[in-house]
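Undergrad: Below are the structure tokens for one structure; questions will follow.
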Amino acid sequence: MIEYSQALLLITTGLVVISTVAYLGAVFAARMATTVRTPVTPGGEAVVVGDGEVSVTGGSRRAPVRRFSMTWWATKSTQLALLLLTGSLIARMIGTGHAPLSNHYEFAISFAWGMLLAQVWFEWRYRIRTMSIITLPVILAMLIYASTMSYQPNPLMPALQNSPLLTLHVITASLGYGAAVVGFAAAVMYLVAPYVKWQGWPSRESLDELGYKATVVTFPMLTLMLILGSIWANVAWGRYWGWDPKETSALVTWLIYGAYLHARVTRGWRGTKSAWLLVLAFAAVVFTYLGNLFFGGLHSYA
């Protein structure tokens, strides 16, 4: 089953490559085509390309995509990649006898799964498909990074043998970090919007709102991650908190997202300031995942 899991992972990586290229091609084709603006809900705009197909949408309404168009294939390829990566995780769980959430390789796959899930969900819900040109390369980088590590399972260390707590702790991290990549994409697109001379680029208002919606998912997931992690740490190591490097960086990440929500709700922070906060927050997410490789600590296995 381990070999089947790895094969599914490799196919998933190939599908993400196809999705990335297809989305970039769709955006480029829409950019080069003659476009006309159509009415949409406030805060967004739709771009009608050629025969009336909406290839790229910058608003929150559900814009249709013509079957078998480049955008359609990109969307379906991404959805299939999510299914196959889910299958890879299930196959690995069967092969190892425990949830595949217990080492750096397995969490890389789980992290990629969370990002793919967020990509599929937010694209379906908000139809801002241009975010894919940011999110998919990040997902692809994580999958390629996972492929550089050994996929052979190792025996669980004692600290990792509390399966329910470990599973819930890492799943909430994967979901929170996954939604974070959508917030990051929205923030980057917001910051570069003034320099993009294309009417098909999503409106800054819709991007600002998308970043907020993603953070509304990220923050509670990270809160649960910290709570469950503290309970697990007390069971495994006899203390709820020990200022381990990964614990500390996870707390800092949580504080940054909390600061973003606080500033937005109470101080009315929107636009450039909040976008930079989301970029900083996602940088903290990446550091939290990779930092233990440099600083060690009790989380050195992850």
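The chains in the structure tokens are called A, B, ... from first to last as shown; in each chain the residues are counted from 1, and the ligands are counted from 1 in the order shown.
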Do you know which residues are at most 9 Å from Pro220 in chain A counting only C-alpha atoms, after dropping those on the same chain fewer than 4 positions away, and could you put them as a PDB file with N, CA, C and O atoms, in the first residue's frame?

TA:
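And here is the file that came out, selection_1.pdb:
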ATOM      1  N   THR A 172      -6.317  19.829  12.012  1.00  0.00           N
ATOM      2  CA  THR A 172      -6.663  21.245  12.159  1.00  0.00           C
ATOM      3  C   THR A 172      -5.548  22.136  11.625  1.00  0.00           C
ATOM      4  O   THR A 172      -5.815  23.189  11.029  1.00  0.00           O
ATOM      5  N   GLY A 176      -6.110  24.736   8.604  1.00  0.00           N
ATOM      6  CA  GLY A 176      -5.789  26.143   8.831  1.00  0.00           C
ATOM      7  C   GLY A 176      -4.730  26.650   7.881  1.00  0.00           C
ATOM      8  O   GLY A 176      -4.866  27.725   7.274  1.00  0.00           O
ATOM      9  N   THR A 215      -9.157  33.940   6.120  1.00  0.00           N
ATOM     10  CA  THR A 215      -8.636  34.063   7.481  1.00  0.00           C
ATOM     11  C   THR A 215      -9.676  33.664   8.517  1.00  0.00           C
ATOM     12  O   THR A 215      -9.334  33.151   9.589  1.00  0.00           O
ATOM     13  N   VAL A 216     -10.943  33.854   8.200  1.00  0.00           N
ATOM     14  CA  VAL A 216     -12.021  33.427   9.092  1.00  0.00           C
ATOM     15  C   VAL A 216     -12.003  31.906   9.265  1.00  0.00           C
ATOM     16  O   VAL A 216     -12.439  31.378  10.291  1.00  0.00           O
ATOM     17  N   LEU A 224      -7.734  25.825  17.400  1.00  0.00           N
ATOM     18  CA  LEU A 224      -7.935  24.424  17.777  1.00  0.00           C
ATOM     19  C   LEU A 224      -6.615  23.651  17.743  1.00  0.00           C
ATOM     20  O   LEU A 224      -6.357  22.799  18.604  1.00  0.00           O
ATOM     21  N   MET A 225      -5.783  23.944  16.754  1.00  0.00           N
ATOM     22  CA  MET A 225      -4.479  23.286  16.653  1.00  0.00           C
ATOM     23  C   MET A 225      -3.658  23.518  17.917  1.00  0.00           C
ATOM     24  O   MET A 225      -3.063  22.574  18.470  1.00  0.00           O
TER      25      MET A 225
END

Undergrad: Hey, what's within 9 Å of range 115-122 of chain A if we count only C-alpha atoms and toss same-chain stuff fewer than 6 positions away? As a short mmCIF file (atom, residue, chain, number, x, y, z; two decimals) with N, CA and C atoms, in the first residue's frame, please?

TA:
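As a result, result28.cif now contains:
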data_model
loop_
_atom_site.label_atom_id
_atom_site.label_comp_id
_atom_site.auth_asym_id
_atom_site.auth_seq_id
_atom_site.Cartn_x
_atom_site.Cartn_y
_atom_site.Cartn_z
N THR A 75 -9.85 23.28 -13.80
CA THR A 75 -10.65 23.07 -12.59
C THR A 75 -10.82 21.58 -12.29
N THR A 78 -7.63 19.96 -11.05
CA THR A 78 -7.37 20.28 -9.64
C THR A 78 -8.25 19.44 -8.71
N GLN A 79 -9.51 19.30 -9.08
CA GLN A 79 -10.42 18.49 -8.26
C GLN A 79 -9.98 17.03 -8.24
N ALA A 81 -6.94 15.98 -8.65
CA ALA A 81 -5.72 15.93 -7.84
C ALA A 81 -6.06 15.84 -6.36
N LEU A 82 -7.09 16.57 -5.92
CA LEU A 82 -7.51 16.49 -4.52
C LEU A 82 -7.99 15.08 -4.18
N LEU A 85 -4.94 12.72 -4.05
CA LEU A 85 -4.10 12.94 -2.88
C LEU A 85 -4.80 12.41 -1.62
N ILE A 128 -13.23 33.11 -7.93
CA ILE A 128 -12.09 33.96 -8.29
C ILE A 128 -10.97 33.03 -8.75
N ARG A 129 -11.07 32.60 -9.98
CA ARG A 129 -10.19 31.55 -10.48
C ARG A 129 -8.76 32.01 -10.70
N MET A 131 -6.91 33.33 -8.69
CA MET A 131 -6.06 33.06 -7.53
C MET A 131 -5.24 31.79 -7.73
N SER A 132 -5.69 30.94 -8.66
CA SER A 132 -5.00 29.67 -8.90
C SER A 132 -3.56 29.88 -9.39
N THR A 135 -1.90 30.12 -5.89
CA THR A 135 -2.03 28.99 -4.97
C THR A 135 -1.42 27.71 -5.53
N LEU A 136 -1.67 27.43 -6.81
CA LEU A 136 -1.20 26.15 -7.36
C LEU A 136 0.33 26.03 -7.39
N VAL A 138 2.35 27.23 -5.22
CA VAL A 138 2.72 26.95 -3.83
C VAL A 138 2.45 25.48 -3.51
N ILE A 139 1.29 24.99 -3.92
CA ILE A 139 0.94 23.58 -3.70
C ILE A 139 1.93 22.68 -4.42
N SER A 174 -3.52 21.33 9.14
CA SER A 174 -3.58 21.23 7.67
C SER A 174 -4.70 22.10 7.11
N LEU A 175 -5.85 22.08 7.76
CA LEU A 175 -6.98 22.89 7.29
C LEU A 175 -6.68 24.38 7.45
N GLY A 176 -6.11 24.74 8.60
CA GLY A 176 -5.79 26.14 8.83
C GLY A 176 -4.73 26.65 7.88
N TYR A 177 -3.66 25.88 7.72
CA TYR A 177 -2.59 26.28 6.81
C TYR A 177 -3.07 26.27 5.36
N GLY A 178 -3.97 25.33 5.04
CA GLY A 178 -4.51 25.28 3.69
C GLY A 178 -5.29 26.54 3.34
N ALA A 179 -6.17 26.97 4.24
CA ALA A 179 -6.91 28.21 4.00
C ALA A 179 -5.98 29.41 3.95
N ALA A 180 -4.87 29.33 4.68
CA ALA A 180 -3.92 30.44 4.71
C ALA A 180 -3.34 30.73 3.34
N VAL A 181 -3.17 29.69 2.50
CA VAL A 181 -2.59 29.93 1.17
C VAL A 181 -3.56 30.73 0.30
N VAL A 182 -4.85 30.58 0.52
CA VAL A 182 -5.83 31.37 -0.23
C VAL A 182 -5.75 32.84 0.21
N LEU A 210 -11.93 38.23 -0.08
CA LEU A 210 -11.49 36.84 -0.15
C LEU A 210 -10.42 36.56 0.91
N ALA A 214 -10.88 33.80 3.94
CA ALA A 214 -9.92 32.71 4.17
C ALA A 214 -9.40 32.75 5.60
#

Undergrad: From the set A:Val217, A:Leu140, A:Val192, A:Ala146, which residue has the shortest atom-to-atom contact distance to Val21 in chain A, counting only C-alpha atoms?

TA: A:Leu140

Undergrad: Nearest residue to Gln6 in chain A out of A:Trp269, A:Tyr240, A:Tyr151, A:Phe184, using only C-alpha atoms?

TA: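 Using only C-alpha atoms, Gln6 in chain A sits closest to A:Tyr151.
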
Undergrad: My list of candidates is A:Leu222, A:Tyr257, A:Ala108, A:Met142. Which is closest to Phe282 in chain A when distances are computed with only C-alpha atoms?

TA: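 Once distances to Phe282 in chain A are computed over only C-alpha atoms, the minimum belongs to A:Tyr257.
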
Undergrad: Do you know which residues are at most 8 Å from range 90-98 of chain A counting only C-alpha atoms, after dropping those on the same chain fewer than 3 positions away, and could you put them as a list in words?

TA: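 What passes the distance filter is Met1, Ile2, Tyr4, Ser5, Thr86, Gly87, Pro153 and Ser163 of chain A.
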
Undergrad: Would you mind reading off the distance between CA of Val27 in chain A and CA of Ala185 in chain A, one decimal, in Å?

TA: 15.4 Å

Undergrad: Determine the nearest neighbour of Ala74 in chain A from the options A:Glu3, A:Asp244, A:Glu209, A:Glu123, counting only C-alpha atoms.

TA: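 Ranking A:Glu3, A:Asp244, A:Glu209, A:Glu123 by distance to Ala74 in chain A, first place goes to A:Glu123.
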
Undergrad: Please run DSSP on the backbone and report, as a ChimeraX atom specification, all residues within range 81-248 of chain A that come out as helix (DSSP H, G or I).

TA: /A:81-96,104-126,129-147,158-160,163-195,204-237,245-248

Undergrad: Neighbouring residues of Lys273 in chain A were defined as those with any atom within 12 Å, considering only C-alpha atoms; residues of the same chain fewer than 3 positions away were excluded. Please report them as a list in words.

TA: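 With the cut-off at 12 Å, the set is Ala187, Val188, Tyr190, Leu191, Asp208, Ala259, Tyr260, Ala263, Arg264, Arg267, Gly268, Trp269, Arg270, Trp276, Leu277, Leu278, Val279 and Leu280 of chain A.
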
Undergrad: Just N, CA and C atoms for this one: save the residues we selected as a PDB file, in the first residue's frame.

TA:
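What follows is the written file part-v6.pdb:
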ATOM      1  N   ALA A 187      -3.930  38.315  -0.966  1.00  0.00           N
ATOM      2  CA  ALA A 187      -3.133  39.469  -0.567  1.00  0.00           C
ATOM      3  C   ALA A 187      -2.118  39.857  -1.646  1.00  0.00           C
ATOM      4  N   VAL A 188      -1.440  38.860  -2.207  1.00  0.00           N
ATOM      5  CA  VAL A 188      -0.457  39.141  -3.263  1.00  0.00           C
ATOM      6  C   VAL A 188      -1.141  39.763  -4.477  1.00  0.00           C
ATOM      7  N   TYR A 190      -3.889  41.421  -4.497  1.00  0.00           N
ATOM      8  CA  TYR A 190      -4.317  42.773  -4.125  1.00  0.00           C
ATOM      9  C   TYR A 190      -3.160  43.761  -4.269  1.00  0.00           C
ATOM     10  N   LEU A 191      -1.985  43.352  -3.800  1.00  0.00           N
ATOM     11  CA  LEU A 191      -0.829  44.251  -3.812  1.00  0.00           C
ATOM     12  C   LEU A 191      -0.338  44.543  -5.234  1.00  0.00           C
ATOM     13  N   ASP A 208      -9.762  41.717  -1.274  1.00  0.00           N
ATOM     14  CA  ASP A 208      -9.713  42.025   0.157  1.00  0.00           C
ATOM     15  C   ASP A 208     -10.710  41.175   0.928  1.00  0.00           C
ATOM     16  N   ALA A 259      -4.126  39.384  15.024  1.00  0.00           N
ATOM     17  CA  ALA A 259      -3.942  40.824  14.849  1.00  0.00           C
ATOM     18  C   ALA A 259      -4.631  41.318  13.584  1.00  0.00           C
ATOM     19  N   TYR A 260      -4.564  40.515  12.522  1.00  0.00           N
ATOM     20  CA  TYR A 260      -5.240  40.879  11.274  1.00  0.00           C
ATOM     21  C   TYR A 260      -6.748  41.024  11.499  1.00  0.00           C
ATOM     22  N   ALA A 263      -7.503  44.048  13.837  1.00  0.00           N
ATOM     23  CA  ALA A 263      -7.326  45.333  13.163  1.00  0.00           C
ATOM     24  C   ALA A 263      -8.434  45.584  12.151  1.00  0.00           C
ATOM     25  N   ARG A 264      -8.862  44.537  11.499  1.00  0.00           N
ATOM     26  CA  ARG A 264      -9.919  44.704  10.491  1.00  0.00           C
ATOM     27  C   ARG A 264     -11.255  45.025  11.129  1.00  0.00           C
ATOM     28  N   ARG A 267     -10.431  48.332  13.981  1.00  0.00           N
ATOM     29  CA  ARG A 267      -9.765  49.533  13.482  1.00  0.00           C
ATOM     30  C   ARG A 267     -10.103  49.837  12.028  1.00  0.00           C
ATOM     31  N   GLY A 268     -10.876  48.940  11.427  1.00  0.00           N
ATOM     32  CA  GLY A 268     -11.249  49.158  10.039  1.00  0.00           C
ATOM     33  C   GLY A 268     -10.109  49.003   9.052  1.00  0.00           C
ATOM     34  N   TRP A 269      -9.080  48.221   9.450  1.00  0.00           N
ATOM     35  CA  TRP A 269      -7.942  48.007   8.540  1.00  0.00           C
ATOM     36  C   TRP A 269      -8.383  47.191   7.340  1.00  0.00           C
ATOM     37  N   ARG A 270      -8.242  47.768   6.190  1.00  0.00           N
ATOM     38  CA  ARG A 270      -8.498  47.068   4.939  1.00  0.00           C
ATOM     39  C   ARG A 270      -7.439  47.492   3.939  1.00  0.00           C
ATOM     40  N   TRP A 276      -0.574  43.183   3.527  1.00  0.00           N
ATOM     41  CA  TRP A 276       0.787  42.893   3.987  1.00  0.00           C
ATOM     42  C   TRP A 276       0.787  42.028   5.239  1.00  0.00           C
ATOM     43  N   LEU A 277      -0.217  42.200   6.094  1.00  0.00           N
ATOM     44  CA  LEU A 277      -0.326  41.342   7.283  1.00  0.00           C
ATOM     45  C   LEU A 277      -0.547  39.888   6.881  1.00  0.00           C
ATOM     46  N   LEU A 278      -1.360  39.662   5.849  1.00  0.00           N
ATOM     47  CA  LEU A 278      -1.602  38.298   5.389  1.00  0.00           C
ATOM     48  C   LEU A 278      -0.355  37.690   4.764  1.00  0.00           C
ATOM     49  N   VAL A 279       0.421  38.500   4.051  1.00  0.00           N
ATOM     50  CA  VAL A 279       1.686  38.001   3.499  1.00  0.00           C
ATOM     51  C   VAL A 279       2.624  37.615   4.628  1.00  0.00           C
ATOM     52  N   LEU A 280       2.728  38.477   5.639  1.00  0.00           N
ATOM     53  CA  LEU A 280       3.573  38.180   6.796  1.00  0.00           C
ATOM     54  C   LEU A 280       3.090  36.927   7.519  1.00  0.00           C
TER      55      LEU A 280
END

Undergrad: How far is it from CA of Leu101 in chain A to CA of Gly114 in chain A, in Å with one decimal?

TA: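 Between CA of Leu101 in chain A and CA of Gly114 in chain A the gap is 12.4 Å.
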
Undergrad: Taking only C-alpha atoms into account, which of A:Gln152, A:Thr20, A:Thr12, A:Thr223 comes nearest Asn103 in chain A?

TA: A:Gln152

Undergrad: As an MDAnalysis selection string, please: every residue in range 51-275 of chain A that DSSP puts in strand (DSSP E).

TA: chainID A and resid 53:57

Undergrad: Using only C-alpha atoms, find the one residue out of A:Thr71, A:Ser77, A:Thr266, A:Thr218 that sits nearest to Val17 in chain A.

TA: A:Ser77
